[in-house]
file final24.cif (mmCIF, C-alpha atoms)
data_my_file
#
loop_
_atom_site.group_PDB
_atom_site.id
_atom_site.type_symbol
_atom_site.label_atom_id
_atom_site.label_comp_id
_atom_site.auth_asym_id
_atom_site.auth_seq_id
_atom_site.Cartn_x
_atom_site.Cartn_y
_atom_site.Cartn_z
ATOM 1 C CA MET A 19 -13.168 -17.398 -20.286
ATOM 2 C CA GLN A 20 -12.892 -16.747 -16.561
ATOM 3 C CA LYS A 21 -11.195 -19.264 -14.327
ATOM 4 C CA LYS A 22 -13.132 -20.512 -11.371
ATOM 5 C CA SER A 23 -11.262 -20.337 -8.095
ATOM 6 C CA ALA A 24 -11.131 -23.207 -5.668
ATOM 7 C CA LEU A 25 -13.470 -21.391 -3.293
ATOM 8 C CA SER A 26 -16.016 -20.329 -5.910
ATOM 9 C CA LEU A 27 -19.594 -21.514 -5.613
ATOM 10 C CA ASP A 28 -21.496 -23.428 -8.279
ATOM 11 C CA LEU A 29 -24.028 -20.714 -9.095
ATOM 12 C CA PRO A 30 -27.154 -21.091 -11.228
ATOM 13 C CA THR A 31 -26.467 -20.319 -14.875
ATOM 14 C CA GLY A 32 -29.518 -18.064 -15.160
ATOM 15 C CA LEU A 33 -28.127 -15.337 -12.911
ATOM 16 C CA PRO A 34 -26.798 -12.128 -14.496
ATOM 17 C CA GLU A 35 -23.018 -11.938 -14.681
ATOM 18 C CA GLY A 36 -22.912 -8.949 -12.316
ATOM 19 C CA ILE A 37 -24.822 -10.848 -9.623
ATOM 20 C CA ARG A 38 -22.644 -13.919 -10.142
ATOM 21 C CA HIS A 39 -19.510 -11.815 -9.720
ATOM 22 C CA ILE A 40 -20.820 -10.276 -6.484
ATOM 23 C CA LEU A 41 -21.736 -13.699 -5.096
ATOM 24 C CA ARG A 42 -18.313 -15.101 -5.964
ATOM 25 C CA ARG A 43 -16.587 -12.179 -4.262
ATOM 26 C CA ALA A 44 -18.830 -12.596 -1.216
ATOM 27 C CA ALA A 45 -18.015 -16.312 -1.030
ATOM 28 C CA ASP A 46 -14.274 -15.647 -1.263
ATOM 29 C CA SER A 47 -14.475 -12.866 1.319
ATOM 30 C CA THR A 48 -16.451 -15.104 3.686
ATOM 31 C CA ALA A 49 -13.876 -17.879 3.374
ATOM 32 C CA ALA A 50 -11.046 -15.430 4.102
ATOM 33 C CA ALA A 51 -12.946 -14.005 7.094
ATOM 34 C CA ILE A 52 -13.533 -17.492 8.496
ATOM 35 C CA ALA A 53 -9.856 -18.365 8.143
ATOM 36 C CA PHE A 54 -8.826 -15.134 9.857
ATOM 37 C CA ALA A 55 -11.349 -15.674 12.673
ATOM 38 C CA GLY A 56 -10.009 -19.206 13.123
ATOM 39 C CA LEU A 57 -6.474 -17.882 13.594
ATOM 40 C CA ILE A 58 -7.687 -15.334 16.146
ATOM 41 C CA LEU A 59 -9.569 -18.083 18.003
ATOM 42 C CA ILE A 60 -6.469 -20.289 18.103
ATOM 43 C CA TRP A 61 -4.479 -17.327 19.432
ATOM 44 C CA GLU A 62 -7.103 -16.652 22.120
ATOM 45 C CA LEU A 63 -7.286 -20.283 23.254
ATOM 46 C CA ALA A 64 -3.500 -20.646 23.281
ATOM 47 C CA CYS A 65 -3.169 -17.625 25.557
ATOM 48 C CA ARG A 66 -5.950 -18.771 27.889
ATOM 49 C CA TRP A 67 -5.121 -22.478 28.127
ATOM 50 C CA GLY A 68 -1.392 -22.345 27.535
ATOM 51 C CA SER A 69 -0.670 -20.013 30.465
ATOM 52 C CA VAL A 70 1.184 -17.599 28.211
ATOM 53 C CA PRO A 71 2.385 -14.545 30.201
ATOM 54 C CA VAL A 72 0.480 -11.393 29.376
ATOM 55 C CA TRP A 73 3.682 -9.393 28.983
ATOM 56 C CA LEU A 74 4.865 -11.867 26.357
ATOM 57 C CA LEU A 75 1.741 -12.421 24.252
ATOM 58 C CA PRO A 76 -1.607 -10.897 25.317
ATOM 59 C CA ALA A 77 -4.857 -12.513 24.196
ATOM 60 C CA PRO A 78 -6.876 -10.794 21.447
ATOM 61 C CA SER A 79 -9.699 -10.127 23.906
ATOM 62 C CA LEU A 80 -7.282 -8.320 26.230
ATOM 63 C CA ILE A 81 -5.920 -6.274 23.316
ATOM 64 C CA LEU A 82 -9.432 -5.213 22.291
ATOM 65 C CA GLY A 83 -10.263 -4.352 25.905
ATOM 66 C CA GLU A 84 -7.179 -2.160 26.294
ATOM 67 C CA LEU A 85 -7.860 -0.578 22.929
ATOM 68 C CA TRP A 86 -11.378 0.344 24.025
ATOM 69 C CA LYS A 87 -10.089 1.809 27.301
ATOM 70 C CA SER A 88 -7.647 3.992 25.363
ATOM 71 C CA ARG A 89 -10.163 5.133 22.763
ATOM 72 C CA GLY A 90 -9.882 8.723 23.967
ATOM 73 C CA ILE A 91 -6.163 9.113 23.245
ATOM 74 C CA ILE A 92 -5.803 7.098 20.034
ATOM 75 C CA PRO A 93 -7.744 9.154 17.397
ATOM 76 C CA PRO A 94 -5.308 12.124 17.254
ATOM 77 C CA HIS A 95 -2.362 9.774 16.822
ATOM 78 C CA LEU A 96 -4.222 7.751 14.185
ATOM 79 C CA VAL A 97 -5.035 10.929 12.276
ATOM 80 C CA ALA A 98 -1.402 12.081 12.487
ATOM 81 C CA THR A 99 -0.092 8.806 11.041
ATOM 82 C CA THR A 100 -2.738 8.821 8.299
ATOM 83 C CA ILE A 101 -1.765 12.363 7.255
ATOM 84 C CA GLU A 102 1.908 11.367 7.157
ATOM 85 C CA VAL A 103 1.257 8.247 5.069
ATOM 86 C CA VAL A 104 -1.140 9.863 2.596
ATOM 87 C CA GLY A 105 1.030 12.973 2.312
ATOM 88 C CA GLY A 106 4.183 10.935 1.707
ATOM 89 C CA PHE A 107 2.424 8.729 -0.821
ATOM 90 C CA GLY A 108 1.030 11.728 -2.675
ATOM 91 C CA LEU A 109 4.428 13.423 -2.737
ATOM 92 C CA ALA A 110 6.046 10.244 -4.098
ATOM 93 C CA VAL A 111 3.423 10.016 -6.854
ATOM 94 C CA LEU A 112 3.726 13.704 -7.795
ATOM 95 C CA ALA A 113 7.499 13.430 -8.026
ATOM 96 C CA GLY A 114 7.833 9.879 -9.329
ATOM 97 C CA ILE A 115 5.514 9.887 -12.332
ATOM 98 C CA PRO A 116 6.926 13.061 -13.974
ATOM 99 C CA LEU A 117 10.460 11.788 -13.390
ATOM 100 C CA SER A 118 9.510 8.480 -15.017
ATOM 101 C CA ILE A 119 8.214 10.390 -18.046
ATOM 102 C CA VAL A 120 11.531 12.236 -18.301
ATOM 103 C CA ILE A 121 13.456 8.957 -18.001
ATOM 104 C CA CYS A 122 11.411 7.350 -20.775
ATOM 105 C CA SER A 123 11.752 10.391 -23.016
ATOM 106 C CA SER A 124 15.531 10.710 -22.852
ATOM 107 C CA ILE A 125 18.277 8.075 -22.898
ATOM 108 C CA VAL A 126 20.658 10.594 -21.322
ATOM 109 C CA ALA A 127 18.232 11.247 -18.451
ATOM 110 C CA ARG A 128 17.847 7.502 -17.920
ATOM 111 C CA LYS A 129 21.609 6.933 -17.730
ATOM 112 C CA LEU A 130 22.094 9.873 -15.378
ATOM 113 C CA THR A 131 19.104 9.291 -13.113
ATOM 114 C CA TYR A 132 18.819 5.539 -12.677
ATOM 115 C CA PRO A 133 22.199 4.994 -10.931
ATOM 116 C CA VAL A 134 21.459 7.823 -8.501
ATOM 117 C CA LEU A 135 18.025 6.396 -7.723
ATOM 118 C CA LEU A 136 19.499 2.936 -7.204
ATOM 119 C CA VAL A 137 22.076 4.286 -4.758
ATOM 120 C CA LEU A 138 19.400 6.180 -2.821
ATOM 121 C CA GLN A 139 17.169 3.108 -2.720
ATOM 122 C CA SER A 140 20.046 1.017 -1.369
ATOM 123 C CA VAL A 141 20.437 3.283 1.652
ATOM 124 C CA PRO A 142 18.416 1.873 4.603
ATOM 125 C CA LYS A 143 15.608 4.271 5.431
ATOM 126 C CA VAL A 144 16.223 3.760 9.146
ATOM 127 C CA ALA A 145 19.679 5.273 8.621
ATOM 128 C CA LEU A 146 18.302 8.039 6.396
ATOM 129 C CA ALA A 147 15.512 9.069 8.777
ATOM 130 C CA PRO A 148 17.730 10.815 11.384
ATOM 131 C CA ILE A 149 19.341 12.930 8.643
ATOM 132 C CA ILE A 150 15.940 13.984 7.286
ATOM 133 C CA LEU A 151 14.804 14.850 10.822
ATOM 134 C CA LEU A 152 17.964 16.921 11.260
ATOM 135 C CA TRP A 153 17.329 18.820 8.029
ATOM 136 C CA VAL A 154 13.546 19.258 8.219
ATOM 137 C CA GLY A 155 12.813 19.065 11.938
ATOM 138 C CA TYR A 156 10.651 16.830 14.091
ATOM 139 C CA GLY A 157 7.281 17.978 12.784
ATOM 140 C CA THR A 158 4.852 16.298 10.418
ATOM 141 C CA GLY A 159 6.780 17.470 7.365
ATOM 142 C CA SER A 160 9.782 15.278 8.144
ATOM 143 C CA LYS A 161 7.574 12.165 8.490
ATOM 144 C CA ILE A 162 5.892 12.959 5.176
ATOM 145 C CA LEU A 163 9.294 13.311 3.521
ATOM 146 C CA ILE A 164 10.545 10.016 4.983
ATOM 147 C CA ALA A 165 7.378 8.266 3.786
ATOM 148 C CA ALA A 166 7.812 9.825 0.326
ATOM 149 C CA VAL A 167 11.449 8.748 0.058
ATOM 150 C CA THR A 168 10.498 5.217 1.085
ATOM 151 C CA ALA A 169 7.633 5.015 -1.427
ATOM 152 C CA PHE A 170 9.388 6.783 -4.300
ATOM 153 C CA PHE A 171 11.355 3.962 -5.933
ATOM 154 C CA PRO A 172 8.515 1.492 -6.732
ATOM 155 C CA ILE A 173 6.585 4.214 -8.544
ATOM 156 C CA ILE A 174 9.622 5.148 -10.636
ATOM 157 C CA VAL A 175 10.412 1.534 -11.563
ATOM 158 C CA ASN A 176 6.858 0.431 -12.371
ATOM 159 C CA THR A 177 5.886 3.563 -14.284
ATOM 160 C CA THR A 178 9.062 3.421 -16.356
ATOM 161 C CA ALA A 179 8.541 -0.283 -17.037
ATOM 162 C CA GLY A 180 4.955 0.338 -18.128
ATOM 163 C CA MET A 181 5.978 2.997 -20.617
ATOM 164 C CA ASP A 182 8.841 0.881 -21.945
ATOM 165 C CA VAL A 183 6.782 -2.220 -22.726
ATOM 166 C CA VAL A 184 4.428 -0.524 -25.182
ATOM 167 C CA PRO A 185 4.662 -2.656 -28.362
ATOM 168 C CA ALA A 186 6.757 -0.977 -31.044
ATOM 169 C CA GLU A 187 4.154 -1.952 -33.660
ATOM 170 C CA LEU A 188 1.491 0.013 -31.798
ATOM 171 C CA LEU A 189 3.694 3.095 -31.653
ATOM 172 C CA GLN A 190 4.525 2.804 -35.352
ATOM 173 C CA LEU A 191 0.862 2.424 -36.244
ATOM 174 C CA SER A 192 -0.038 5.535 -34.248
ATOM 175 C CA ARG A 193 2.669 7.575 -35.949
ATOM 176 C CA SER A 194 1.684 6.258 -39.397
ATOM 177 C CA LEU A 195 -1.821 7.626 -38.809
ATOM 178 C CA GLY A 196 -0.403 11.096 -38.386
ATOM 179 C CA SER A 197 -0.507 11.310 -34.589
ATOM 180 C CA SER A 198 1.876 13.762 -32.982
ATOM 181 C CA ALA A 199 4.416 12.638 -30.399
ATOM 182 C CA LEU A 200 2.374 14.277 -27.641
ATOM 183 C CA LYS A 201 -0.826 12.561 -28.781
ATOM 184 C CA VAL A 202 0.914 9.186 -28.964
ATOM 185 C CA PHE A 203 2.166 9.754 -25.436
ATOM 186 C CA TRP A 204 -1.262 10.604 -23.987
ATOM 187 C CA LYS A 205 -3.328 8.155 -26.040
ATOM 188 C CA VAL A 206 -0.976 5.175 -26.178
ATOM 189 C CA ARG A 207 1.851 5.209 -23.646
ATOM 190 C CA ILE A 208 -0.076 6.529 -20.645
ATOM 191 C CA PRO A 209 -3.093 4.153 -20.945
ATOM 192 C CA PHE A 210 -0.774 1.216 -21.584
ATOM 193 C CA ALA A 211 1.326 2.087 -18.527
ATOM 194 C CA MET A 212 -1.578 2.722 -16.120
ATOM 195 C CA PRO A 213 -1.786 -0.856 -14.748
ATOM 196 C CA TYR A 214 1.950 -0.732 -14.060
ATOM 197 C CA VAL A 215 1.576 2.640 -12.384
ATOM 198 C CA PHE A 216 -1.085 1.350 -10.015
ATOM 199 C CA SER A 217 0.929 -1.780 -9.268
ATOM 200 C CA GLY A 218 3.732 0.512 -8.166
ATOM 201 C CA MET A 219 1.274 2.609 -6.166
ATOM 202 C CA LYS A 220 0.091 -0.440 -4.217
ATOM 203 C CA VAL A 221 3.645 -1.245 -3.180
ATOM 204 C CA ALA A 222 4.371 2.423 -2.531
ATOM 205 C CA MET A 223 1.376 2.801 -0.210
ATOM 206 C CA ALA A 224 2.604 -0.037 1.984
ATOM 207 C CA LEU A 225 6.124 1.385 1.992
ATOM 208 C CA ALA A 226 4.819 4.864 2.822
ATOM 209 C CA LEU A 227 3.217 3.448 5.962
ATOM 210 C CA ILE A 228 6.508 1.819 6.918
ATOM 211 C CA GLY A 229 8.394 5.050 6.267
ATOM 212 C CA ALA A 230 6.007 7.121 8.371
ATOM 213 C CA VAL A 231 6.299 4.710 11.306
ATOM 214 C CA VAL A 232 10.100 4.685 10.997
ATOM 215 C CA GLY A 233 10.064 8.466 11.208
ATOM 216 C CA GLU A 234 7.857 8.310 14.301
ATOM 217 C CA PHE A 235 10.191 5.775 15.888
ATOM 218 C CA VAL A 236 13.235 7.957 15.306
ATOM 219 C CA GLY A 237 11.720 11.162 16.650
ATOM 220 C CA SER A 238 8.129 12.264 17.179
ATOM 221 C CA ASP A 239 5.607 13.249 19.800
ATOM 222 C CA LYS A 240 2.535 11.908 17.994
ATOM 223 C CA GLY A 241 1.452 9.075 15.746
ATOM 224 C CA LEU A 242 0.853 5.364 16.176
ATOM 225 C CA GLY A 243 4.598 4.668 16.029
ATOM 226 C CA TYR A 244 5.117 7.085 18.903
ATOM 227 C CA LEU A 245 2.347 5.367 20.866
ATOM 228 C CA ILE A 246 3.916 1.944 20.287
ATOM 229 C CA LEU A 247 7.269 3.158 21.620
ATOM 230 C CA THR A 248 5.572 4.803 24.605
ATOM 231 C CA PHE A 249 3.651 1.667 25.586
ATOM 232 C CA LEU A 250 6.706 -0.496 24.971
ATOM 233 C CA SER A 251 8.704 1.578 27.457
ATOM 234 C CA THR A 252 6.052 0.838 30.119
ATOM 235 C CA ASN A 253 5.856 -2.886 29.225
ATOM 236 C CA ASP A 254 2.222 -2.504 28.148
ATOM 237 C CA THR A 255 2.384 -5.302 25.574
ATOM 238 C CA ALA A 256 -1.361 -5.327 24.978
ATOM 239 C CA MET A 257 -1.317 -1.707 23.788
ATOM 240 C CA VAL A 258 1.777 -2.376 21.685
ATOM 241 C CA PHE A 259 -0.181 -5.091 19.870
ATOM 242 C CA ALA A 260 -3.171 -2.750 19.667
ATOM 243 C CA GLY A 261 -1.025 -0.115 17.959
ATOM 244 C CA MET A 262 0.277 -2.665 15.479
ATOM 245 C CA ALA A 263 -3.284 -3.830 14.806
ATOM 246 C CA LEU A 264 -4.357 -0.257 14.053
ATOM 247 C CA LEU A 265 -1.413 0.139 11.693
ATOM 248 C CA SER A 266 -2.461 -3.048 9.908
ATOM 249 C CA VAL A 267 -6.047 -1.851 9.544
ATOM 250 C CA LEU A 268 -4.858 1.525 8.279
ATOM 251 C CA GLY A 269 -2.583 -0.170 5.747
ATOM 252 C CA VAL A 270 -5.399 -2.394 4.464
ATOM 253 C CA ILE A 271 -7.786 0.556 4.096
ATOM 254 C CA LEU A 272 -5.257 2.640 2.184
ATOM 255 C CA PHE A 273 -4.301 -0.319 -0.023
ATOM 256 C CA TYR A 274 -7.909 -0.870 -1.042
ATOM 257 C CA ALA A 275 -8.304 2.844 -1.640
ATOM 258 C CA VAL A 276 -5.598 2.491 -4.307
ATOM 259 C CA CYS A 277 -7.406 -0.603 -5.645
ATOM 260 C CA ALA A 278 -10.628 1.426 -5.913
ATOM 261 C CA ALA A 279 -8.788 4.155 -7.817
ATOM 262 C CA GLU A 280 -7.359 1.497 -10.124
ATOM 263 C CA ARG A 281 -10.841 0.184 -10.911
ATOM 264 C CA PHE A 282 -11.950 3.725 -11.716
ATOM 265 C CA PHE A 283 -9.012 4.730 -13.916
ATOM 266 C CA CYS A 284 -8.281 1.299 -15.443
ATOM 267 C CA PRO A 285 -11.676 -0.387 -15.924
ATOM 268 C CA TRP A 286 -10.320 -2.265 -18.936
ATOM 269 C CA TYR A 287 -7.591 -3.931 -16.874
ATOM 270 C CA ARG A 288 -9.434 -5.268 -13.839
ATOM 271 C CA SER A 289 -10.574 -8.886 -13.906
ATOM 272 C CA SER A 290 -11.802 -11.442 -11.402
ATOM 273 C CA GLU A 291 -8.375 -13.104 -11.382
ATOM 274 C CA SER A 292 -6.558 -9.897 -10.400
ATOM 275 C CA ASP A 293 -9.101 -8.610 -7.890
ATOM 276 C CA PRO A 294 -8.137 -8.823 -4.214
ATOM 277 C CA ILE A 295 -9.999 -11.539 -2.349
ATOM 278 C CA ILE A 296 -11.298 -9.430 0.497
#

call {"tool": "encode", "arguments": {"input": "final24.cif", "output": "C-alpha cells"}}
result
Amino acid sequence: MQKKSALSLDLPTGLPEGIRHILRRAADSTAAAIAFAGLILIWELACRWGSVPVWLLPAPSLILGELWKSRGIIPPHLVATTIEVVGGFGLAVLAGIPLSIVICSSIVARKLTYPVLLVLQSVPKVALAPIILLWVGYGTGSKILIAAVTAFFPIIVNTTAGMDVVPAELLQLSRSLGSSALKVFWKVRIPFAMPYVFSGMKVAMALALIGAVVGEFVGSDKGLGYLILTFLSTNDTAMVFAGMALLSVLGVILFYAVCAAERFFCPWYRSSESDPII
C-alpha cells in the first residue's frame, strides 16, 4: 500500500492509478516550485529594500539581466563543462563497474584494491587536480579525468555493496537449479545490484560536476568554472552568481537524466516513495 505524502491531494477514487500518480507528482512539483519562488522573492525584496550592495549580493532580477546580456559568450563554456562532466561520469562508470565485479569475484582482489581506493579517495581532489593537469595537460582531457577520479569511488562502493547483499538463499537456489556461475551473475547478482548501482551513479554525477569545475578553477581557458573566476577577478558578482546558477541547472538536468535511466533499467524498483519530488 502506497503512503500518501503530506502534500498529496485527496483525489477521486474512480481515477485510473496512472492518472492519480501524475496528479500527485504535479501537486508535489507545484508545491516545490512555489516554495522555490517564495525564496527567490524574499531574496529579491531583501536586496531591493535592504540596501544590500550589488557587489555583495545582487538581486535575482539583476542576475537574470546580466545573464541575458552575456548570452552570446556563455553557450560554448556551458557546452565545454557539460562535455567534461558527462565524459568524466562515463569514464568513472566504465572503469568502476568492471572493477566492482572483480572485487566481488575475488577476495584477494578485494583485499588488494580496497585499501588503495580508500587512500586515493582520501586525497583532496583540489590537491590532486594540479598533478593531473601536469600529467595530461590543460585541455578537456584533464578535466574529464579529474571529474572521473572524483566520481569513481561512489560507483565502486555502491556497486560492490549491491552485489554483496544478494541473499545467500537466492544464490543457492539458483545453483541448485543447475545455473552456471555466469548465468547466476547475469540473472541474479546484476539485477539485484542495479538499484545500488544507480544510487552510486546519482552521487557520482554530482561529484563529476564538482570535479570538472575544480579542474577549470585550477587551469583552463573555457568552461563555467573559468567564467566564474574571470568575472570574480573583475568584481562582477552578478555574473558570478549567474555562473553558479547555470552550474546548478546543469547538475539538476544531469541528475534527472540518471533518474530517467534508472526508471528504464530498473522499472521494478521505482516507487512513488523513492521518486524525486520535482

call {"tool": "residues_around", "arguments": {"input": "final24.cif", "residues": "stretch 223-226 of chain A", "least_positions_apart": "4", "cutoff": "6 Å", "atoms": "all atoms listed in the file", "output": "list in words"}}
result
Val103, Phe107, Ala165, Thr168, Ala169 and Met219 of chain A

call {"tool": "closest_residue", "arguments": {"input": "final24.cif", "among": "A:Val231, A:Met262, A:Ala55, A:Val215", "to": "A:Cys277", "atoms": "all atoms listed in the file"}}
result
A:Val215

call {"tool": "closest_residue", "arguments": {"input": "final24.cif", "among": "A:Val221, A:Ile162, A:Val267, A:Val232", "to": "A:Val104", "atoms": "all atoms listed in the file"}}
result
A:Ile162

call {"tool": "atom_distance", "arguments": {"input": "final24.cif", "atom1": "atom CA of A:Thr248", "atom2": "atom CA of A:Leu96"}}
result
14.6 Å

call {"tool": "atom_distance", "arguments": {"input": "final24.cif", "atom1": "atom CA of A:Thr158", "atom2": "atom CA of A:Ile91"}}
result
18.4 Å

call {"tool": "resolve_selection", "arguments": {"input": "final24.cif", "expression": "the PyMOL selection byres ((chain A and resi 209) around 12)", "output": "PyMOL selection string"}}
result
chain A and resi 177+180-181+183-184+201-208+210-216+280+283-287

call {"tool": "resolve_selection", "arguments": {"input": "final24.cif", "expression": "the PyMOL selection byres ((chain A and resi 75) around 10)", "output": "list in words"}}
result
Trp61, Ala64, Cys65, Val70, Pro71, Val72, Trp73, Leu74, Pro76, Ala77, Pro78, Ile81, Thr255, Ala256 and Phe259 of chain A

call {"tool": "resolve_selection", "arguments": {"input": "final24.cif", "expression": "the PyMOL selection byres ((chain A and resi 260) around 10)", "output": "PyMOL selection string"}}
result
chain A and resi 78+80-86+88+242+245-246+255-259+261-266

call {"tool": "atom_distance", "arguments": {"input": "final24.cif", "atom1": "atom CA of A:Gly241", "atom2": "atom CA of A:Gly159"}}
result
13.0 Å

call {"tool": "closest_residue", "arguments": {"input": "final24.cif", "among": "A:Gly155, A:Cys122, A:Phe249, A:Arg193", "to": "A:Ala179", "atoms": "all atoms listed in the file"}}
result
A:Cys122

call {"tool": "residues_around", "arguments": {"input": "final24.cif", "residues": "A:Tyr132", "least_positions_apart": "6", "cutoff": "10 Å", "atoms": "only C-alpha atoms", "output": "PyMOL selection string"}}
result
chain A and resi 121+138+174-175

call {"tool": "write_last_selection", "arguments": {"input": "final24.cif", "atoms": "C-alpha atoms", "output": "PDB file, in the frame of the given file"}}
result
ATOM      1  CA  ILE A 121      13.456   8.957 -18.001  1.00  0.00           C
ATOM      2  CA  LEU A 138      19.400   6.180  -2.821  1.00  0.00           C
ATOM      3  CA  ILE A 174       9.622   5.148 -10.636  1.00  0.00           C
ATOM      4  CA  VAL A 175      10.412   1.534 -11.563  1.00  0.00           C
TER       5      VAL A 175
END

call {"tool": "residues_near_point", "arguments": {"input": "final24.cif", "point": "(8.4, 13.1, -26.7)", "cutoff": "7 Å", "atoms": "all atoms listed in the file", "output": "list in words"}}
result
Ser123, Ala199 and Leu200 of chain A

call {"tool": "build_atoms", "arguments": {"input": "final24.cif", "residues": "stretch 252-260 of chain A", "atoms": "all heavy atoms", "output": "PDB file, in the coordinates of the input"}}
result
ATOM      1  N   THR A 252       6.746   1.152  28.868  1.00  0.00           N
ATOM      2  CA  THR A 252       6.052   0.838  30.119  1.00  0.00           C
ATOM      3  C   THR A 252       5.644  -0.634  30.198  1.00  0.00           C
ATOM      4  O   THR A 252       4.866  -1.004  31.072  1.00  0.00           O
ATOM      5  CB  THR A 252       4.795   1.717  30.257  1.00  0.00           C
ATOM      6  OG1 THR A 252       3.914   1.479  29.141  1.00  0.00           O
ATOM      7  CG2 THR A 252       5.175   3.188  30.295  1.00  0.00           C
ATOM      8  N   ASN A 253       6.151  -1.450  29.268  1.00  0.00           N
ATOM      9  CA  ASN A 253       5.856  -2.886  29.225  1.00  0.00           C
ATOM     10  C   ASN A 253       4.365  -3.182  29.078  1.00  0.00           C
ATOM     11  O   ASN A 253       3.877  -4.214  29.558  1.00  0.00           O
ATOM     12  CB  ASN A 253       6.393  -3.585  30.482  1.00  0.00           C
ATOM     13  CG  ASN A 253       7.906  -3.645  30.511  1.00  0.00           C
ATOM     14  OD1 ASN A 253       8.541  -3.767  29.472  1.00  0.00           O
ATOM     15  ND2 ASN A 253       8.485  -3.533  31.700  1.00  0.00           N
ATOM     16  N   ASP A 254       3.641  -2.284  28.419  1.00  0.00           N
ATOM     17  CA  ASP A 254       2.222  -2.504  28.148  1.00  0.00           C
ATOM     18  C   ASP A 254       2.103  -3.220  26.796  1.00  0.00           C
ATOM     19  O   ASP A 254       1.801  -2.607  25.762  1.00  0.00           O
ATOM     20  CB  ASP A 254       1.472  -1.173  28.133  1.00  0.00           C
ATOM     21  CG  ASP A 254      -0.037  -1.346  28.155  1.00  0.00           C
ATOM     22  OD1 ASP A 254      -0.506  -2.489  27.944  1.00  0.00           O
ATOM     23  OD2 ASP A 254      -0.743  -0.346  28.375  1.00  0.00           O
ATOM     24  N   THR A 255       2.332  -4.533  26.821  1.00  0.00           N
ATOM     25  CA  THR A 255       2.384  -5.302  25.574  1.00  0.00           C
ATOM     26  C   THR A 255       1.047  -5.299  24.856  1.00  0.00           C
ATOM     27  O   THR A 255       1.003  -5.311  23.619  1.00  0.00           O
ATOM     28  CB  THR A 255       2.820  -6.744  25.864  1.00  0.00           C
ATOM     29  OG1 THR A 255       3.980  -6.733  26.702  1.00  0.00           O
ATOM     30  CG2 THR A 255       3.133  -7.490  24.577  1.00  0.00           C
ATOM     31  N   ALA A 256      -0.036  -5.309  25.600  1.00  0.00           N
ATOM     32  CA  ALA A 256      -1.361  -5.327  24.978  1.00  0.00           C
ATOM     33  C   ALA A 256      -1.563  -4.094  24.102  1.00  0.00           C
ATOM     34  O   ALA A 256      -2.063  -4.192  22.974  1.00  0.00           O
ATOM     35  CB  ALA A 256      -2.447  -5.409  26.039  1.00  0.00           C
ATOM     36  N   MET A 257      -1.151  -2.918  24.576  1.00  0.00           N
ATOM     37  CA  MET A 257      -1.317  -1.707  23.788  1.00  0.00           C
ATOM     38  C   MET A 257      -0.313  -1.643  22.631  1.00  0.00           C
ATOM     39  O   MET A 257      -0.584  -1.025  21.596  1.00  0.00           O
ATOM     40  CB  MET A 257      -1.172  -0.478  24.680  1.00  0.00           C
ATOM     41  CG  MET A 257      -2.410  -0.186  25.521  1.00  0.00           C
ATOM     42  SD  MET A 257      -3.914  -0.052  24.529  1.00  0.00           S
ATOM     43  CE  MET A 257      -3.521   1.293  23.429  1.00  0.00           C
ATOM     44  N   VAL A 258       0.839  -2.286  22.806  1.00  0.00           N
ATOM     45  CA  VAL A 258       1.777  -2.376  21.685  1.00  0.00           C
ATOM     46  C   VAL A 258       1.142  -3.162  20.539  1.00  0.00           C
ATOM     47  O   VAL A 258       1.194  -2.757  19.370  1.00  0.00           O
ATOM     48  CB  VAL A 258       3.099  -3.041  22.131  1.00  0.00           C
ATOM     49  CG1 VAL A 258       3.987  -3.324  20.918  1.00  0.00           C
ATOM     50  CG2 VAL A 258       3.836  -2.158  23.123  1.00  0.00           C
ATOM     51  N   PHE A 259       0.513  -4.296  20.883  1.00  0.00           N
ATOM     52  CA  PHE A 259      -0.181  -5.091  19.870  1.00  0.00           C
ATOM     53  C   PHE A 259      -1.371  -4.316  19.301  1.00  0.00           C
ATOM     54  O   PHE A 259      -1.678  -4.433  18.110  1.00  0.00           O
ATOM     55  CB  PHE A 259      -0.647  -6.420  20.466  1.00  0.00           C
ATOM     56  CG  PHE A 259       0.391  -7.492  20.409  1.00  0.00           C
ATOM     57  CD1 PHE A 259       1.341  -7.614  21.410  1.00  0.00           C
ATOM     58  CD2 PHE A 259       0.426  -8.392  19.356  1.00  0.00           C
ATOM     59  CE1 PHE A 259       2.305  -8.605  21.373  1.00  0.00           C
ATOM     60  CE2 PHE A 259       1.382  -9.391  19.296  1.00  0.00           C
ATOM     61  CZ  PHE A 259       2.337  -9.498  20.308  1.00  0.00           C
ATOM     62  N   ALA A 260      -2.038  -3.548  20.149  1.00  0.00           N
ATOM     63  CA  ALA A 260      -3.171  -2.750  19.667  1.00  0.00           C
ATOM     64  C   ALA A 260      -2.701  -1.712  18.649  1.00  0.00           C
ATOM     65  O   ALA A 260      -3.358  -1.491  17.623  1.00  0.00           O
ATOM     66  CB  ALA A 260      -3.861  -2.065  20.847  1.00  0.00           C
TER      67      ALA A 260
END
